[in-house]
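Trainee: For reference, the file start-v1.csv (CSV, C-alpha atoms and all ligand atoms) is included below:
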chain,number,residue,atom,x,y,z
A,28,MET,CA,-67.9,-258.2,-70.9
A,29,ASP,CA,-67.8,-260.2,-74.1
A,30,ALA,CA,-70.0,-262.5,-76.2
A,31,LYS,CA,-68.9,-265.7,-74.4
A,32,THR,CA,-69.8,-264.2,-71.0
A,33,CYS,CA,-73.2,-263.0,-72.4
A,34,LEU,CA,-74.0,-266.5,-73.5
A,35,GLN,CA,-73.0,-267.8,-70.1
A,36,LYS,CA,-75.3,-265.3,-68.4
A,37,LEU,CA,-78.2,-266.4,-70.7
A,38,GLN,CA,-77.6,-269.9,-69.7
A,39,TYR,CA,-77.9,-268.9,-66.0
A,40,VAL,CA,-81.2,-267.1,-66.8
A,41,GLY,CA,-82.4,-270.4,-68.2
A,42,VAL,CA,-85.8,-269.5,-69.7
A,43,LEU,CA,-85.4,-267.1,-72.5
A,44,ALA,CA,-87.9,-265.1,-74.6
A,45,PHE,CA,-87.7,-265.9,-78.4
A,46,ALA,CA,-89.3,-263.4,-80.7
A,47,THR,CA,-90.2,-264.2,-84.3
A,48,VAL,CA,-92.4,-262.6,-87.0
A,49,ASP,CA,-95.3,-264.7,-88.4
A,50,GLU,CA,-96.5,-264.9,-92.0
A,51,TYR,CA,-98.8,-261.9,-91.4
A,52,GLY,CA,-96.0,-259.7,-90.1
A,53,ASN,CA,-97.3,-260.0,-86.5
A,54,PRO,CA,-94.8,-260.4,-83.6
A,55,GLN,CA,-94.8,-263.7,-81.8
A,56,ILE,CA,-92.9,-264.5,-78.6
A,57,ARG,CA,-92.3,-267.7,-76.7
A,58,ASN,CA,-90.4,-268.8,-73.7
A,59,ILE,CA,-87.8,-271.5,-74.5
A,60,SER,CA,-85.6,-273.4,-72.0
A,61,ALA,CA,-84.7,-276.5,-74.1
A,62,ILE,CA,-81.3,-274.9,-75.0
A,63,HIS,CA,-77.8,-276.2,-75.3
A,64,TYR,CA,-75.0,-273.7,-75.1
A,65,GLU,CA,-71.6,-273.7,-76.7
A,66,PRO,CA,-69.0,-271.0,-75.9
A,67,ASP,CA,-70.0,-269.3,-79.2
A,68,ALA,CA,-73.2,-270.9,-80.3
A,69,MET,CA,-76.7,-272.0,-79.2
A,70,TYR,CA,-78.8,-275.0,-80.0
A,71,PHE,CA,-82.5,-275.2,-79.1
A,72,PHE,CA,-85.3,-277.7,-79.4
A,73,THR,CA,-88.9,-277.3,-80.5
A,74,ALA,CA,-91.5,-279.4,-82.1
A,75,ARG,CA,-91.9,-279.5,-85.9
A,76,GLY,CA,-95.7,-279.0,-85.7
A,77,LYS,CA,-95.5,-275.7,-83.8
A,78,ASN,CA,-96.0,-272.3,-85.5
A,79,PHE,CA,-92.7,-271.3,-83.9
A,80,CYS,CA,-90.9,-274.0,-86.1
A,81,LYS,CA,-92.9,-272.9,-89.1
A,82,GLU,CA,-91.7,-269.3,-88.6
A,83,LEU,CA,-88.1,-270.3,-88.1
A,84,LEU,CA,-88.1,-272.4,-91.2
A,85,ALA,CA,-89.8,-269.7,-93.3
A,86,ASP,CA,-87.6,-266.8,-92.2
A,87,GLY,CA,-85.2,-267.7,-89.5
A,88,ARG,CA,-84.8,-264.3,-87.9
A,89,VAL,CA,-85.1,-264.4,-84.2
A,90,GLN,CA,-84.4,-262.2,-81.2
A,91,ILE,CA,-83.6,-263.8,-77.9
A,92,LEU,CA,-83.9,-261.9,-74.7
A,93,GLY,CA,-82.8,-262.7,-71.2
A,94,TYR,CA,-82.8,-260.5,-68.1
A,95,THR,CA,-80.7,-261.3,-65.0
A,96,LYS,CA,-81.4,-260.6,-61.4
A,97,TYR,CA,-78.6,-258.0,-61.5
A,98,LYS,CA,-80.6,-255.9,-64.0
A,99,GLU,CA,-78.6,-257.0,-67.0
A,100,MET,CA,-80.5,-257.2,-70.3
A,101,ILE,CA,-78.9,-259.5,-72.9
A,102,ARG,CA,-80.4,-259.6,-76.4
A,103,LEU,CA,-79.2,-261.8,-79.2
A,104,SER,CA,-80.3,-261.0,-82.8
A,105,ALA,CA,-79.6,-263.8,-85.1
A,106,LYS,CA,-80.7,-266.1,-87.8
A,107,ALA,CA,-81.6,-269.7,-86.7
A,108,GLU,CA,-81.1,-272.6,-89.0
A,109,PRO,CA,-82.1,-276.2,-88.6
A,110,VAL,CA,-79.3,-278.6,-87.8
A,111,GLU,CA,-78.6,-281.1,-90.6
A,112,GLU,CA,-81.0,-284.1,-90.5
A,113,GLU,CA,-78.2,-286.6,-89.8
A,114,LYS,CA,-77.2,-284.6,-86.7
A,115,GLN,CA,-80.7,-284.0,-85.4
A,116,GLU,CA,-80.8,-287.1,-83.2
A,117,HIS,CA,-77.4,-286.2,-81.6
A,118,TRP,CA,-78.5,-282.7,-80.7
A,119,ILE,CA,-82.0,-283.7,-79.5
A,120,ASN,CA,-80.3,-286.3,-77.2
A,121,THR,CA,-77.8,-283.7,-76.0
A,122,ILE,CA,-80.6,-281.3,-75.0
A,123,PHE,CA,-82.7,-284.0,-73.4
A,124,ASP,CA,-79.7,-285.2,-71.3
A,125,GLU,CA,-79.2,-281.6,-70.0
A,126,GLN,CA,-82.9,-280.9,-69.5
A,127,PRO,CA,-84.5,-284.0,-67.9
A,128,TYR,CA,-88.0,-282.4,-67.6
A,129,LEU,CA,-88.3,-282.7,-71.4
A,130,LEU,CA,-88.8,-286.5,-71.0
A,131,ASN,CA,-92.0,-285.7,-69.2
A,132,VAL,CA,-93.2,-283.7,-72.3
A,133,TYR,CA,-91.9,-286.1,-75.0
A,134,PRO,CA,-91.5,-289.5,-73.4
A,135,ASP,CA,-89.8,-292.5,-75.0
A,136,ASP,CA,-89.1,-292.0,-78.7
A,137,THR,CA,-91.8,-289.4,-79.3
A,138,ARG,CA,-89.1,-286.7,-79.3
A,139,LYS,CA,-87.5,-288.1,-82.5
A,140,LEU,CA,-90.7,-287.7,-84.5
A,141,ALA,CA,-91.8,-284.4,-83.0
A,142,GLY,CA,-88.5,-282.7,-82.4
A,143,ILE,CA,-86.3,-280.4,-84.4
A,144,VAL,CA,-83.1,-278.6,-83.2
A,145,PHE,CA,-82.1,-275.2,-84.6
A,146,ARG,CA,-78.7,-273.7,-84.1
A,147,ILE,CA,-77.5,-270.1,-84.0
A,148,THR,CA,-73.9,-269.6,-84.8
A,149,ASP,CA,-73.8,-266.0,-86.1
A,150,GLY,CA,-75.4,-263.0,-84.4
A,151,GLU,CA,-75.2,-259.7,-82.6
A,152,ILE,CA,-75.5,-259.4,-78.8
A,153,GLU,CA,-76.6,-256.3,-77.1
A,154,TYR,CA,-75.7,-256.1,-73.4
A,155,PHE,CA,-77.3,-253.4,-71.2
A,156,ASN,CA,-76.6,-253.2,-67.5
A,157,LEU,CA,-78.9,-250.9,-65.5
A,158,GLY,CA,-77.5,-252.2,-62.2
A,159,VAL,CA,-74.3,-250.2,-62.2
A,160,ASN,CA,-73.5,-246.5,-62.0
A,161,PRO,CA,-73.1,-245.2,-64.7
A,162,ILE,CA,-75.2,-247.7,-66.7
A,163,PHE,CA,-73.1,-249.8,-69.1
A,164,ARG,CA,-73.9,-251.1,-72.6
A,165,GLY,CA,-71.9,-253.1,-75.1
A,166,ASN,CA,-72.3,-254.8,-78.4
A,167,TYR,CA,-70.6,-258.0,-79.3
A,168,THR,CA,-70.8,-260.6,-82.1
A,169,ILE,CA,-70.7,-264.4,-82.3
A,170,GLY,CA,-69.5,-266.1,-85.5
A,171,GLY,CA,-70.0,-263.8,-88.5
A,172,GLY,CA,-72.5,-261.4,-86.9
A,173,ASN,CA,-72.4,-257.7,-87.5
A,174,ILE,CA,-72.7,-254.9,-85.0
A,175,SER,CA,-75.3,-252.3,-86.0
A,176,PHE,CA,-74.7,-249.0,-84.2
A,177,LYS,CA,-77.8,-247.4,-82.5
A,178,GLY,CA,-78.1,-244.3,-80.4
A,179,TYR,CA,-77.0,-240.7,-80.6
A,180,GLN,CA,-74.0,-238.9,-81.9
A,181,ILE,CA,-72.8,-235.3,-81.7
A,182,MET,CA,-71.8,-233.8,-85.0
A,183,ASP,CA,-69.5,-230.9,-86.0
A,184,ALA,CA,-72.3,-228.4,-85.8
A,185,CYS,CA,-72.0,-228.4,-82.0
A,186,VAL,CA,-71.4,-224.9,-80.6
A,187,GLY,CA,-70.4,-226.1,-77.1
A,188,CYS,CA,-73.3,-224.5,-75.3
A,189,GLY,CA,-73.5,-227.3,-72.7
A,190,ASN,CA,-77.3,-227.8,-72.8
A,191,CYS,CA,-76.9,-231.5,-73.5
A,192,VAL,CA,-74.5,-232.0,-70.6
A,193,GLN,CA,-76.9,-230.4,-68.1
A,194,ASN,CA,-79.8,-232.6,-69.3
A,195,CYS,CA,-78.0,-235.9,-69.6
A,196,PRO,CA,-79.2,-238.3,-66.8
A,197,GLN,CA,-76.0,-240.4,-67.0
A,198,HIS,CA,-73.5,-237.5,-67.2
A,199,CYS,CA,-72.0,-239.3,-70.2
A,200,ILE,CA,-71.3,-236.3,-72.5
A,201,LYS,CA,-67.8,-234.8,-72.4
A,202,GLU,CA,-66.6,-231.4,-73.5
A,203,GLY,CA,-64.7,-231.1,-76.7
A,204,LYS,CA,-65.0,-229.9,-80.3
A,205,PRO,CA,-67.5,-231.2,-80.9
A,206,TYR,CA,-68.8,-232.6,-77.5
A,207,LYS,CA,-68.7,-236.3,-77.3
A,208,ILE,CA,-71.1,-239.0,-76.0
A,209,GLU,CA,-69.5,-241.9,-74.1
A,210,GLN,CA,-71.5,-244.5,-75.9
A,211,GLU,CA,-70.9,-247.3,-73.4
A,212,HIS,CA,-72.8,-245.3,-70.7
A,213,CYS,CA,-75.6,-243.8,-72.9
A,214,LEU,CA,-79.2,-244.7,-72.1
A,215,HIS,CA,-80.5,-243.7,-75.6
A,216,CYS,CA,-83.0,-241.5,-73.8
A,217,GLY,CA,-82.8,-238.7,-76.4
A,218,ASN,CA,-82.6,-235.7,-74.0
A,219,CYS,CA,-79.5,-234.4,-75.7
A,220,HIS,CA,-81.2,-234.6,-79.0
A,221,LYS,CA,-84.2,-232.6,-77.7
A,222,VAL,CA,-82.3,-229.8,-76.0
A,223,CYS,CA,-79.6,-229.1,-78.6
A,224,PRO,CA,-80.3,-225.6,-80.0
A,225,VAL,CA,-78.4,-226.2,-83.3
A,226,LYS,CA,-79.6,-229.8,-84.0
A,227,ALA,CA,-76.1,-231.1,-83.7
A,228,VAL,CA,-77.2,-234.4,-82.0
A,229,GLU,CA,-78.2,-237.0,-84.5
A,230,ARG,CA,-80.1,-240.2,-83.9
A,231,ILE,CA,-78.5,-243.2,-85.6
A,232,GLY,CA,-80.0,-246.6,-86.3
B,1,LIG,S1,-79.2,-240.0,-75.1
B,1,LIG,FE1,-79.6,-239.5,-73.0
B,1,LIG,S2,-78.0,-240.7,-71.8
B,1,LIG,FE2,-77.4,-240.6,-74.0
B,1,LIG,S3,-76.0,-238.9,-74.1
B,1,LIG,FE3,-78.0,-238.2,-74.7
B,1,LIG,S4,-78.9,-237.4,-72.8
B,1,LIG,FE4,-77.2,-238.6,-72.2
B,2,LIG,S1,-76.5,-229.0,-76.8
B,2,LIG,FE1,-75.8,-229.2,-78.9
B,2,LIG,S2,-74.5,-227.4,-79.3
B,2,LIG,FE2,-74.8,-227.5,-77.1
B,2,LIG,S3,-73.0,-228.7,-76.4
B,2,LIG,FE3,-74.6,-230.2,-76.7
B,2,LIG,S4,-74.3,-230.9,-78.8
B,2,LIG,FE4,-73.1,-229.0,-78.6
Could you take the file, read its structure, and then write that structure out as structure tokens?
Mentor:
Amino acid sequence: MDAKTCLQKLQYVGVLAFATVDEYGNPQIRNISAIHYEPDAMYFFTARGKNFCKELLADGRVQILGYTKYKEMIRLSAKAEPVEEEKQEHWINTIFDEQPYLLNVYPDDTRKLAGIVFRITDGEIEYFNLGVNPIFRGNYTIGGGNISFKGYQIMDACVGCGNCVQNCPQHCIKEGKPYKIEQEHCLHCGNCHKVCPVKAVERIG
């Protein structure tokens, strides 16, 4: 798995959930399909009059979520920025050529007045596949995105009692000094954290 493949999978999903935060700090979520994909970037169309556009222009932070029929969750956390004015028409036309239904929504030249295209070139992708055994997760970046580690980690205080191993649903804790979690197979369920008698399992992120 890699970032490019994750973007391809999002393209196959087609309609993605875009989450933003409004001016009052409330979560807002929309389904967007007017998207053009590059191997390492994403361009999407919305209307300048929508609150979605207002939130993107004010803050820019967005989380984009897709879920495949194979039980793969792909989440892109990024900052969206409007494409330069002189390139807006090019990207609007590109997206309309790829998504003919949009002509039904914005016929003739109405798209030029109403529309705006944002791009995402830097971001973090979380990939989580519940359809394989053991489950698999990975973190990838596009552009200058950063990976923020989340989950659980076993520290040196581990005394090797094995409680965590017995209660791990994915059998992804291996013996050692200290014991070690195979991060790519961890659910982040927290069982190991709960059962450790010496509090050697730390939550991170
Ligand atoms: S968080 Fe859950 S899945 Fe991950 S290592 Fe701990 S018990 Fe196992
Ligand atoms: S439960 Fe805690 S002390 Fe026991 S093996 Fe796991 S991490 Fe180590």
Trainee: Given a cut-off of 7 Å, what residues near ligand LIG 1 (chain B) show up using only C-alpha atoms and all ligand atoms, put as a VMD selection string?
Mentor: chain A and resid 178 to 179 191 194 to 200 208 213 to 220
Trainee: Now that the selection is made, can you save its residues with C-alpha atoms as a PDB file, in the frame of the given file?
Mentor:
ATOM      1  CA  GLY A 178     -78.100-244.300 -80.400  1.00  0.00           C
ATOM      2  CA  TYR A 179     -77.000-240.700 -80.600  1.00  0.00           C
ATOM      3  CA  CYS A 191     -76.900-231.500 -73.500  1.00  0.00           C
ATOM      4  CA  ASN A 194     -79.800-232.600 -69.300  1.00  0.00           C
ATOM      5  CA  CYS A 195     -78.000-235.900 -69.600  1.00  0.00           C
ATOM      6  CA  PRO A 196     -79.200-238.300 -66.800  1.00  0.00           C
ATOM      7  CA  GLN A 197     -76.000-240.400 -67.000  1.00  0.00           C
ATOM      8  CA  HIS A 198     -73.500-237.500 -67.200  1.00  0.00           C
ATOM      9  CA  CYS A 199     -72.000-239.300 -70.200  1.00  0.00           C
ATOM     10  CA  ILE A 200     -71.300-236.300 -72.500  1.00  0.00           C
ATOM     11  CA  ILE A 208     -71.100-239.000 -76.000  1.00  0.00           C
ATOM     12  CA  CYS A 213     -75.600-243.800 -72.900  1.00  0.00           C
ATOM     13  CA  LEU A 214     -79.200-244.700 -72.100  1.00  0.00           C
ATOM     14  CA  HIS A 215     -80.500-243.700 -75.600  1.00  0.00           C
ATOM     15  CA  CYS A 216     -83.000-241.500 -73.800  1.00  0.00           C
ATOM     16  CA  GLY A 217     -82.800-238.700 -76.400  1.00  0.00           C
ATOM     17  CA  ASN A 218     -82.600-235.700 -74.000  1.00  0.00           C
ATOM     18  CA  CYS A 219     -79.500-234.400 -75.700  1.00  0.00           C
ATOM     19  CA  HIS A 220     -81.200-234.600 -79.000  1.00  0.00           C
TER      20      HIS A 220
END
Trainee: To one decimal in Å, tell me the separation between atom CA of Cys188 of chain A and atom CA of Gln210 of chain A.
Mentor: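 Straight-line distance from atom CA of Cys188 of chain A to atom CA of Gln210 of chain A works out to 20.1 Å.
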Trainee: Of the residues A:Glu111, A:Ala61, A:Lys106, A:Leu157, which is the one nearest to Gly41 of chain A, using all atoms listed in the file?
Mentor: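 Smallest separation from Gly41 of chain A among the options: A:Ala61.
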Trainee: Residues within 8 Å of ligand LIG 2 (chain B), counting all atoms listed in the file: report them as a JSON list (two decimals) with C-alpha atoms, in the coordinates of the input.
Mentor:
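Everything below was put into selection16.json:
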[["chain", "number", "residue", "atom", "x", "y", "z"],
["A", 181, "ILE", "CA", -72.80, -235.30, -81.70],
["A", 182, "MET", "CA", -71.80, -233.80, -85.00],
["A", 184, "ALA", "CA", -72.30, -228.40, -85.80],
["A", 185, "CYS", "CA", -72.00, -228.40, -82.00],
["A", 186, "VAL", "CA", -71.40, -224.90, -80.60],
["A", 187, "GLY", "CA", -70.40, -226.10, -77.10],
["A", 188, "CYS", "CA", -73.30, -224.50, -75.30],
["A", 189, "GLY", "CA", -73.50, -227.30, -72.70],
["A", 190, "ASN", "CA", -77.30, -227.80, -72.80],
["A", 191, "CYS", "CA", -76.90, -231.50, -73.50],
["A", 192, "VAL", "CA", -74.50, -232.00, -70.60],
["A", 202, "GLU", "CA", -66.60, -231.40, -73.50],
["A", 205, "PRO", "CA", -67.50, -231.20, -80.90],
["A", 206, "TYR", "CA", -68.80, -232.60, -77.50],
["A", 207, "LYS", "CA", -68.70, -236.30, -77.30],
["A", 219, "CYS", "CA", -79.50, -234.40, -75.70],
["A", 220, "HIS", "CA", -81.20, -234.60, -79.00],
["A", 222, "VAL", "CA", -82.30, -229.80, -76.00],
["A", 223, "CYS", "CA", -79.60, -229.10, -78.60],
["A", 224, "PRO", "CA", -80.30, -225.60, -80.00],
["A", 225, "VAL", "CA", -78.40, -226.20, -83.30],
["A", 226, "LYS", "CA", -79.60, -229.80, -84.00],
["A", 227, "ALA", "CA", -76.10, -231.10, -83.70],
["A", 228, "VAL", "CA", -77.20, -234.40, -82.00]]
Trainee: Just the residues within 7 Å of Val144 of chain A, please, counting all atoms listed in the file, with nothing from its chain fewer than 3 positions along; format it as a short mmCIF file (atom, residue, chain, number, x, y, z; two decimals) with C-alpha atoms, in the coordinates of the input.
Mentor:
data_model
loop_
_atom_site.label_atom_id
_atom_site.label_comp_id
_atom_site.auth_asym_id
_atom_site.auth_seq_id
_atom_site.Cartn_x
_atom_site.Cartn_y
_atom_site.Cartn_z
CA TYR A 70 -78.80 -275.00 -80.00
CA PHE A 71 -82.50 -275.20 -79.10
CA PHE A 72 -85.30 -277.70 -79.40
CA THR A 73 -88.90 -277.30 -80.50
CA PRO A 109 -82.10 -276.20 -88.60
CA VAL A 110 -79.30 -278.60 -87.80
CA GLN A 115 -80.70 -284.00 -85.40
CA TRP A 118 -78.50 -282.70 -80.70
CA ILE A 119 -82.00 -283.70 -79.50
#
Trainee: Please compute the atom CA of Arg164 of chain A-atom CA of Glu151 of chain A distance, one decimal, in Å.
Mentor: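 Here the two named atoms are 13.3 Å from each other.
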Trainee: Name the closest residue to Met100 of chain A among the candidates A:Ile147, A:Leu43, A:Ala74, A:Leu83; distances are taken between atoms, counting only C-alpha atoms.
Mentor: A:Leu43
Trainee: Which value, in Å to one decimal, gives the distance between atom CA of Gly93 of chain A and atom CA of Gly52 of chain A?
Mentor: 23.2 Å
Trainee: Give the answer as one residue: which of A:Ile174, A:Ile122, A:Leu84, A:Ile91 has the shortest atom-to-atom distance to Glu50 of chain A, using all atoms listed in the file?
Mentor: A:Leu84
Trainee: Taking the block just given, write segment 82-194 of chain A to a file that holds C-alpha atoms, as a PDB file, in the first residue's frame.
Mentor:
ATOM      1  CA  GLU A  82     -15.184  27.256   5.713  1.00  0.00           C
ATOM      2  CA  LEU A  83     -12.433  26.180   3.329  1.00  0.00           C
ATOM      3  CA  LEU A  84     -11.435  29.786   2.608  1.00  0.00           C
ATOM      4  CA  ALA A  85     -11.448  30.685   6.314  1.00  0.00           C
ATOM      5  CA  ASP A  86      -9.555  27.686   7.622  1.00  0.00           C
ATOM      6  CA  GLY A  87      -8.748  25.184   4.899  1.00  0.00           C
ATOM      7  CA  ARG A  88      -8.458  22.136   7.132  1.00  0.00           C
ATOM      8  CA  VAL A  89     -10.396  19.212   5.774  1.00  0.00           C
ATOM      9  CA  GLN A  90     -10.705  15.491   6.400  1.00  0.00           C
ATOM     10  CA  ILE A  91     -11.790  13.356   3.485  1.00  0.00           C
ATOM     11  CA  LEU A  92     -13.114   9.863   4.059  1.00  0.00           C
ATOM     12  CA  GLY A  93     -13.805   6.980   1.722  1.00  0.00           C
ATOM     13  CA  TYR A  94     -14.779   3.387   2.468  1.00  0.00           C
ATOM     14  CA  THR A  95     -14.399   0.639  -0.136  1.00  0.00           C
ATOM     15  CA  LYS A  96     -16.534  -2.480  -0.540  1.00  0.00           C
ATOM     16  CA  TYR A  97     -13.499  -4.457   0.653  1.00  0.00           C
ATOM     17  CA  LYS A  98     -13.781  -2.836   4.102  1.00  0.00           C
ATOM     18  CA  GLU A  99     -10.907  -0.440   3.532  1.00  0.00           C
ATOM     19  CA  MET A 100     -11.144   2.944   5.260  1.00  0.00           C
ATOM     20  CA  ILE A 101      -9.040   5.700   3.694  1.00  0.00           C
ATOM     21  CA  ARG A 102      -8.831   9.070   5.384  1.00  0.00           C
ATOM     22  CA  LEU A 103      -6.941  12.058   4.045  1.00  0.00           C
ATOM     23  CA  SER A 104      -6.213  14.903   6.481  1.00  0.00           C
ATOM     24  CA  ALA A 105      -5.053  17.989   4.673  1.00  0.00           C
ATOM     25  CA  LYS A 106      -5.303  21.688   4.052  1.00  0.00           C
ATOM     26  CA  ALA A 107      -7.199  22.714   0.926  1.00  0.00           C
ATOM     27  CA  GLU A 108      -6.292  25.883  -0.934  1.00  0.00           C
ATOM     28  CA  PRO A 109      -8.066  27.598  -3.814  1.00  0.00           C
ATOM     29  CA  VAL A 110      -6.424  27.231  -7.190  1.00  0.00           C
ATOM     30  CA  GLU A 111      -5.010  30.492  -8.579  1.00  0.00           C
ATOM     31  CA  GLU A 112      -7.695  32.634 -10.300  1.00  0.00           C
ATOM     32  CA  GLU A 113      -6.049  32.373 -13.718  1.00  0.00           C
ATOM     33  CA  LYS A 114      -6.151  28.580 -13.510  1.00  0.00           C
ATOM     34  CA  GLN A 115      -9.705  28.260 -12.157  1.00  0.00           C
ATOM     35  CA  GLU A 116     -11.337  27.929 -15.581  1.00  0.00           C
ATOM     36  CA  HIS A 117      -8.927  25.194 -16.644  1.00  0.00           C
ATOM     37  CA  TRP A 118      -9.617  23.072 -13.560  1.00  0.00           C
ATOM     38  CA  ILE A 119     -13.360  23.714 -13.601  1.00  0.00           C
ATOM     39  CA  ASN A 120     -13.461  22.528 -17.229  1.00  0.00           C
ATOM     40  CA  THR A 121     -11.298  19.496 -16.398  1.00  0.00           C
ATOM     41  CA  ILE A 122     -13.649  18.411 -13.622  1.00  0.00           C
ATOM     42  CA  PHE A 123     -16.779  19.033 -15.737  1.00  0.00           C
ATOM     43  CA  ASP A 124     -15.296  16.990 -18.613  1.00  0.00           C
ATOM     44  CA  GLU A 125     -14.761  14.070 -16.244  1.00  0.00           C
ATOM     45  CA  GLN A 126     -18.121  14.410 -14.468  1.00  0.00           C
ATOM     46  CA  PRO A 127     -20.782  15.129 -17.125  1.00  0.00           C
ATOM     47  CA  TYR A 128     -23.622  15.167 -14.558  1.00  0.00           C
ATOM     48  CA  LEU A 129     -22.313  18.540 -13.376  1.00  0.00           C
ATOM     49  CA  LEU A 130     -23.633  20.149 -16.570  1.00  0.00           C
ATOM     50  CA  ASN A 131     -27.089  19.312 -15.319  1.00  0.00           C
ATOM     51  CA  VAL A 132     -26.389  21.202 -12.096  1.00  0.00           C
ATOM     52  CA  TYR A 133     -24.527  24.168 -13.606  1.00  0.00           C
ATOM     53  CA  PRO A 134     -25.558  24.422 -17.281  1.00  0.00           C
ATOM     54  CA  ASP A 135     -23.935  26.675 -19.877  1.00  0.00           C
ATOM     55  CA  ASP A 136     -21.579  29.241 -18.360  1.00  0.00           C
ATOM     56  CA  THR A 137     -23.126  29.321 -14.872  1.00  0.00           C
ATOM     57  CA  ARG A 138     -20.273  27.168 -13.587  1.00  0.00           C
ATOM     58  CA  LYS A 139     -17.749  29.950 -14.209  1.00  0.00           C
ATOM     59  CA  LEU A 140     -19.568  32.425 -11.978  1.00  0.00           C
ATOM     60  CA  ALA A 141     -20.599  29.947  -9.310  1.00  0.00           C
ATOM     61  CA  GLY A 142     -17.670  27.580  -9.217  1.00  0.00           C
ATOM     62  CA  ILE A 143     -14.367  27.426  -7.438  1.00  0.00           C
ATOM     63  CA  VAL A 144     -11.780  24.660  -7.458  1.00  0.00           C
ATOM     64  CA  PHE A 145      -9.645  23.821  -4.438  1.00  0.00           C
ATOM     65  CA  ARG A 146      -6.578  21.650  -4.477  1.00  0.00           C
ATOM     66  CA  ILE A 147      -4.908  19.411  -1.962  1.00  0.00           C
ATOM     67  CA  THR A 148      -1.236  18.740  -2.500  1.00  0.00           C
ATOM     68  CA  ASP A 149       0.034  18.076   1.043  1.00  0.00           C
ATOM     69  CA  GLY A 150      -1.568  15.725   3.530  1.00  0.00           C
ATOM     70  CA  GLU A 151      -1.545  12.580   5.600  1.00  0.00           C
ATOM     71  CA  ILE A 152      -3.379   9.427   4.560  1.00  0.00           C
ATOM     72  CA  GLU A 153      -4.539   6.811   7.049  1.00  0.00           C
ATOM     73  CA  TYR A 154      -5.342   3.430   5.515  1.00  0.00           C
ATOM     74  CA  PHE A 155      -7.226   0.877   7.626  1.00  0.00           C
ATOM     75  CA  ASN A 156      -8.250  -2.494   6.191  1.00  0.00           C
ATOM     76  CA  LEU A 157     -10.687  -4.545   8.280  1.00  0.00           C
ATOM     77  CA  GLY A 158     -11.205  -7.070   5.463  1.00  0.00           C
ATOM     78  CA  VAL A 159      -7.942  -8.975   5.977  1.00  0.00           C
ATOM     79  CA  ASN A 160      -6.681 -11.144   8.820  1.00  0.00           C
ATOM     80  CA  PRO A 161      -4.928  -9.725  10.724  1.00  0.00           C
ATOM     81  CA  ILE A 162      -6.288  -6.281  10.074  1.00  0.00           C
ATOM     82  CA  PHE A 163      -3.834  -3.895   8.420  1.00  0.00           C
ATOM     83  CA  ARG A 164      -3.194  -0.183   8.851  1.00  0.00           C
ATOM     84  CA  GLY A 165      -0.681   2.196   7.356  1.00  0.00           C
ATOM     85  CA  ASN A 166       0.086   5.901   7.249  1.00  0.00           C
ATOM     86  CA  TYR A 167       1.341   7.654   4.159  1.00  0.00           C
ATOM     87  CA  THR A 168       1.897  11.219   2.996  1.00  0.00           C
ATOM     88  CA  ILE A 169       1.395  13.238  -0.143  1.00  0.00           C
ATOM     89  CA  GLY A 170       3.542  16.287  -0.844  1.00  0.00           C
ATOM     90  CA  GLY A 171       4.900  17.795   2.350  1.00  0.00           C
ATOM     91  CA  GLY A 172       2.408  16.092   4.684  1.00  0.00           C
ATOM     92  CA  ASN A 173       3.472  14.753   8.067  1.00  0.00           C
ATOM     93  CA  ILE A 174       2.601  11.458   9.730  1.00  0.00           C
ATOM     94  CA  SER A 175       1.216  11.802  13.252  1.00  0.00           C
ATOM     95  CA  PHE A 176       1.597   8.556  15.179  1.00  0.00           C
ATOM     96  CA  LYS A 177      -1.494   7.391  17.060  1.00  0.00           C
ATOM     97  CA  GLY A 178      -2.114   4.255  19.052  1.00  0.00           C
ATOM     98  CA  TYR A 179      -0.423   2.368  21.856  1.00  0.00           C
ATOM     99  CA  GLN A 180       3.176   1.654  22.707  1.00  0.00           C
ATOM    100  CA  ILE A 181       4.755  -0.624  25.313  1.00  0.00           C
ATOM    101  CA  MET A 182       7.391   1.044  27.452  1.00  0.00           C
ATOM    102  CA  ASP A 183      10.406  -0.289  29.365  1.00  0.00           C
ATOM    103  CA  ALA A 184       8.303  -0.723  32.539  1.00  0.00           C
ATOM    104  CA  CYS A 185       6.911  -3.959  30.984  1.00  0.00           C
ATOM    105  CA  VAL A 186       7.521  -6.967  33.266  1.00  0.00           C
ATOM    106  CA  GLY A 187       6.617  -9.589  30.663  1.00  0.00           C
ATOM    107  CA  CYS A 188       3.496 -10.965  32.392  1.00  0.00           C
ATOM    108  CA  GLY A 189       1.696 -11.664  29.087  1.00  0.00           C
ATOM    109  CA  ASN A 190      -1.692 -10.185  30.114  1.00  0.00           C
ATOM    110  CA  CYS A 191      -1.761  -7.944  27.068  1.00  0.00           C
ATOM    111  CA  VAL A 192      -1.024 -10.833  24.691  1.00  0.00           C
ATOM    112  CA  GLN A 193      -3.927 -12.846  26.073  1.00  0.00           C
ATOM    113  CA  ASN A 194      -6.366  -9.945  25.634  1.00  0.00           C
TER     114      ASN A 194
END
